[in-house]
Amino acid sequence: MDPIIVPKGLAGVIADESAICTADNETGKLLYRGYSATDLAEKATFEQAAYIVVYGHMPNEQELSGFSDFLIKNSDIDQNTESIMKLIPKHTELIDLMRSVVSLIPLDEAKTDKALLEIAAKMPRIASDGRNALSGTAVLGKAEGTYSERFYYLLTGNKDSEMAEHLEKLLILYMEHELNASTFALRVTASTLADPRAAMTTALATIKGPLHGGANDQILNYMLKMDSREEAIKLVDEKLARKEKIMGFGHRIYKNADPRAQFMKNELKVLSKLKHEEKLYDLAAAIEETVWDRKKLPANLDFYAALCMHLLGIDHAFYLPLFASARSFGWCAHYMEQVANNKLIRPDSKYIGPTGLRL
Ligand code: COA
């Protein structure tokens with residue numbers, strides 16, 4: 001077969017077929033299994049959306065309650081894992097702790113989809129207890145309620161259904177995004193027929209980079225420093241003059257608008273009013289306008305997500321772990337799709353190094 005040379009970073013390359021998700025710059029639509037992701041964020045529960053992403057159809061009542069019960073039943077971690085977390089050096093980043101813990105986590109079910117979902121179900125507890133292990137504080141007690149209520153409690157120590165509902169929308173939008181870098185990496189690992197633990201570990205390693213998930217807590221670093229629209233505009237211009245990337249802007253697929261960002265912009269408007277922080281919304285809108293004016297780059301989901309998480313009272317150390325926890329349901333779906341119709345992912349490279357060297 002003649003080799004095919006593809007663009008660097010595989011930009012614009014269709015690497016495989018998938019029935020899980022499609023993101024389209026032209027239409028500005030993001031679909032999970034045919035359903036609009038923003039509609040799901042507006043109207044569905046996290047459990048419903050996760051079921052759709054993983055199994056490909058809207059669950060009936062019985063399927064939904066079975067799935068929700070499974071997530072509750074598998075949400076805790078064993079004593080050995082708790083002990084391992086306490087041995088991890090305190091300066092470790094939480095996402096690294098999560099990756100290490102997931103690589104060793106004991107699982108009840110050998111069957112692939114159950115093993116994957118067991119890991120996904122445990123992510124919020126791993127993030128919460130991991131954070132406490134790193135800071136030497138006591139772990140939180142039993143989490144109750146829906147997935148997002150339990151998660152909100154594990155992130156903040158508070159039981160608050162209203163805030164959990166706002167969090168739920170963000171979790172749904174973070175859940176899936178076709179062949180993003182961590183999902184692609186997971187599929188490479190799955191294609192070797194490595195087990196779910198190994199594939200999830202790969203994904204957790206890949207999501208960490210600032211060009212993927214690791215940008216979301218950096219957004220607050222600059223957003224919380226400004227006080228006025230003028231300062232916001234100046235900050236953008238200074239960053240661009242220094243050829244610095246502005247975290248929370250730009251996207252491989254969305255060149256006009258990220259539908260998830262626009263949804264969360266609306267959420268920010270609601271939350272900033274609720275929390276009497278209207279200025280934050282105005283400054284964010286000013287930054288968005290200026291970056292678009294100067295570089296024609298749209299705000300991505302992380303930009304508005306970070307600001308919403310801030311107003312939800314979530315510590316910035318949890319931003320990436322929260323994203324990874326929600327995305328782990330997308331990872332489950334991709335692992336299952338990869339192994340169901342597998343071909344080892346192993347591209348070739350064009351050699352540009354020396355030849356004929358002699359010892
Ligand atoms: N700030 C300033 N300039 C940016 C930018 C940003 N956030 N994002 C892209 N650009 C510029 C690049 O410097 C490049 O300019 P050039 O052509 O003059 O060299 C051009 O826009 C194309 O960017 P590139 O990085 O090649 O696009 P990509 O499709 O490979 O990358 C991202 C997409 C997301 C990696 C990129 O936009 C980025 O790094 N964003 C900031 C990090 C971030 O928000 N990550 C979360 C992603 S959801």
# chains A, B, ... in the order shown; residues from 1 in each chain; ligands from 1
$ closest_atom_pairs --of "chain A" --to "ligand 1" --cutoff "6 Å" --atoms "only C-alpha atoms and all ligand atoms" --output "tab-separated table"
residue	atom	partner	partner_atom_place_in_ligand_line	distance
A:Pro210	CA	ligand 1	45 (N)	5.7
A:Leu211	CA	ligand 1	45 (N)	4.2
A:His212	CA	ligand 1	47 (C)	4.7
A:Gly213	CA	ligand 1	46 (C)	5.9
A:Ala215	CA	ligand 1	45 (N)	5.3
A:Lys245	CA	ligand 1	1 (N)	3.4
A:Ile246	CA	ligand 1	1 (N)	3.9
A:Met247	CA	ligand 1	44 (O)	4.1
A:Gly248	CA	ligand 1	44 (O)	3.4
A:Phe249	CA	ligand 1	7 (N)	4.0
A:Gly250	CA	ligand 1	37 (O)	3.3
A:His251	CA	ligand 1	34 (C)	4.1
A:Arg252	CA	ligand 1	29 (O)	3.4
A:Asn300	CA	ligand 1	48 (S)	5.5
$ residues_around --residues "Ala299 in chain A" --least-positions-apart "2" --cutoff "12 Å" --atoms "only C-alpha atoms" --output "VMD selection string"
chain A and resid 216 219 246 to 251 254 to 265 284 to 293 295 to 297 301 to 306
$ atom_distance --atom1 "CA of Val236 in chain A" --atom2 "CA of Arg294 in chain A"
8.8 Å
$ select_by_dssp --residues "range 41-272 of chain A" --states "helix (DSSP H, G or I)" --output "ChimeraX atom specification"
/A:41-43,46-55,61-73,79-87,94-104,112-135,147-156,161-174,181-191,196-206,218-223,229-241,259-272
$ closest_atom_pairs --of "range 138-178 of chain A" --to "range 323-328 of chain A" --cutoff "9 Å" --atoms "only C-alpha atoms" --output "CSV"
residue,atom,partner,partner_atom,distance
A:Leu170,CA,A:Phe323,CA,8.8
A:Leu171,CA,A:Ala326,CA,5.4
A:Ile172,CA,A:Ala326,CA,7.0
A:Leu173,CA,A:Ala326,CA,8.4
A:Tyr174,CA,A:Ala326,CA,5.8
A:Met175,CA,A:Arg327,CA,4.1
A:Glu176,CA,A:Arg327,CA,5.7
A:His177,CA,A:Arg327,CA,8.3
$ residues_around --residues "range 192-209 of chain A" --least-positions-apart "5" --cutoff "9 Å" --atoms "only C-alpha atoms" --output "ChimeraX atom specification"
/A:95-96,98-105,112-113,115-116,119-120,181-187,214-215,320,323-324,328,331-332,335,339,342-345
$ residues_around --residues "Lys43 in chain A" --least-positions-apart "4" --cutoff "9 Å" --atoms "only C-alpha atoms" --output "ChimeraX atom specification"
/A:38-39,169
$ residues_around --residues "Ala19 in chain A" --least-positions-apart "5" --cutoff "12 Å" --atoms "only C-alpha atoms" --output "MDAnalysis selection string"
chainID A and resid 31:35 52:57 177:179 330 333:334 336:338
$ closest_atom_pairs --of "range 296-315 of chain A" --to "range 149-164 of chain A" --cutoff "9 Å" --atoms "only C-alpha atoms" --output "CSV"
residue,atom,partner,partner_atom,distance
A:Leu312,CA,A:Met163,CA,6.4
A:Gly313,CA,A:Thr156,CA,6.9
A:Ile314,CA,A:Thr156,CA,6.0
A:Asp315,CA,A:Leu155,CA,7.6
$ atom_distance --atom1 "CA of Asp108 in chain A" --atom2 "CA of Ala49 in chain A"
24.3 Å
$ closest_residue --among "A:His316, A:Val188, A:Leu280, A:Asp16" --to "Glu93 in chain A" --atoms "only C-alpha atoms"
A:His316
$ atom_distance --atom1 "CA of Lys90 in chain A" --atom2 "CA of Ile77 in chain A"
19.8 Å
$ residues_around --residues "Leu268 in chain A" --least-positions-apart "6" --cutoff "8 Å" --atoms "only C-alpha atoms" --output "PyMOL selection string"
chain A and resi 281+304+307-308
$ write_last_selection --atoms "all heavy atoms" --output "CSV table (one decimal), in the first residue's frame"
chain,number,residue,atom,x,y,z
A,281,TYR,N,-18.7,38.2,35.0
A,281,TYR,CA,-19.3,37.9,33.7
A,281,TYR,C,-19.0,39.0,32.6
A,281,TYR,O,-18.6,38.7,31.5
A,281,TYR,CB,-20.9,37.8,33.8
A,281,TYR,CG,-21.5,37.6,32.4
A,281,TYR,CD1,-21.6,36.4,31.9
A,281,TYR,CD2,-22.0,38.7,31.7
A,281,TYR,CE1,-22.2,36.2,30.6
A,281,TYR,CE2,-22.6,38.6,30.5
A,281,TYR,CZ,-22.7,37.3,29.9
A,281,TYR,OH,-23.2,37.1,28.7
A,304,TYR,N,-15.2,29.3,30.0
A,304,TYR,CA,-16.4,29.6,30.9
A,304,TYR,C,-16.6,28.5,32.0
A,304,TYR,O,-17.1,28.9,33.1
A,304,TYR,CB,-17.7,29.7,30.0
A,304,TYR,CG,-17.7,31.1,29.3
A,304,TYR,CD1,-17.4,31.2,27.9
A,304,TYR,CD2,-17.9,32.2,30.0
A,304,TYR,CE1,-17.4,32.4,27.3
A,304,TYR,CE2,-17.9,33.5,29.4
A,304,TYR,CZ,-17.7,33.6,28.1
A,304,TYR,OH,-17.6,34.8,27.5
A,307,LEU,N,-14.7,29.6,35.1
A,307,LEU,CA,-15.3,30.7,35.9
A,307,LEU,C,-16.5,30.2,36.6
A,307,LEU,O,-16.8,30.6,37.7
A,307,LEU,CB,-15.6,31.8,34.9
A,307,LEU,CG,-14.4,32.4,34.2
A,307,LEU,CD1,-14.8,33.4,33.1
A,307,LEU,CD2,-13.4,33.0,35.2
A,308,CYS,N,-17.3,29.3,36.0
A,308,CYS,CA,-18.4,28.7,36.6
A,308,CYS,C,-18.0,27.9,37.8
A,308,CYS,O,-18.6,27.9,38.9
A,308,CYS,CB,-19.3,27.8,35.6
A,308,CYS,SG,-20.1,28.8,34.4
$ closest_residue --among "A:Leu107, A:Leu283, A:Leu134, A:Leu30" --to "Ile84 in chain A" --atoms "only C-alpha atoms"
A:Leu134
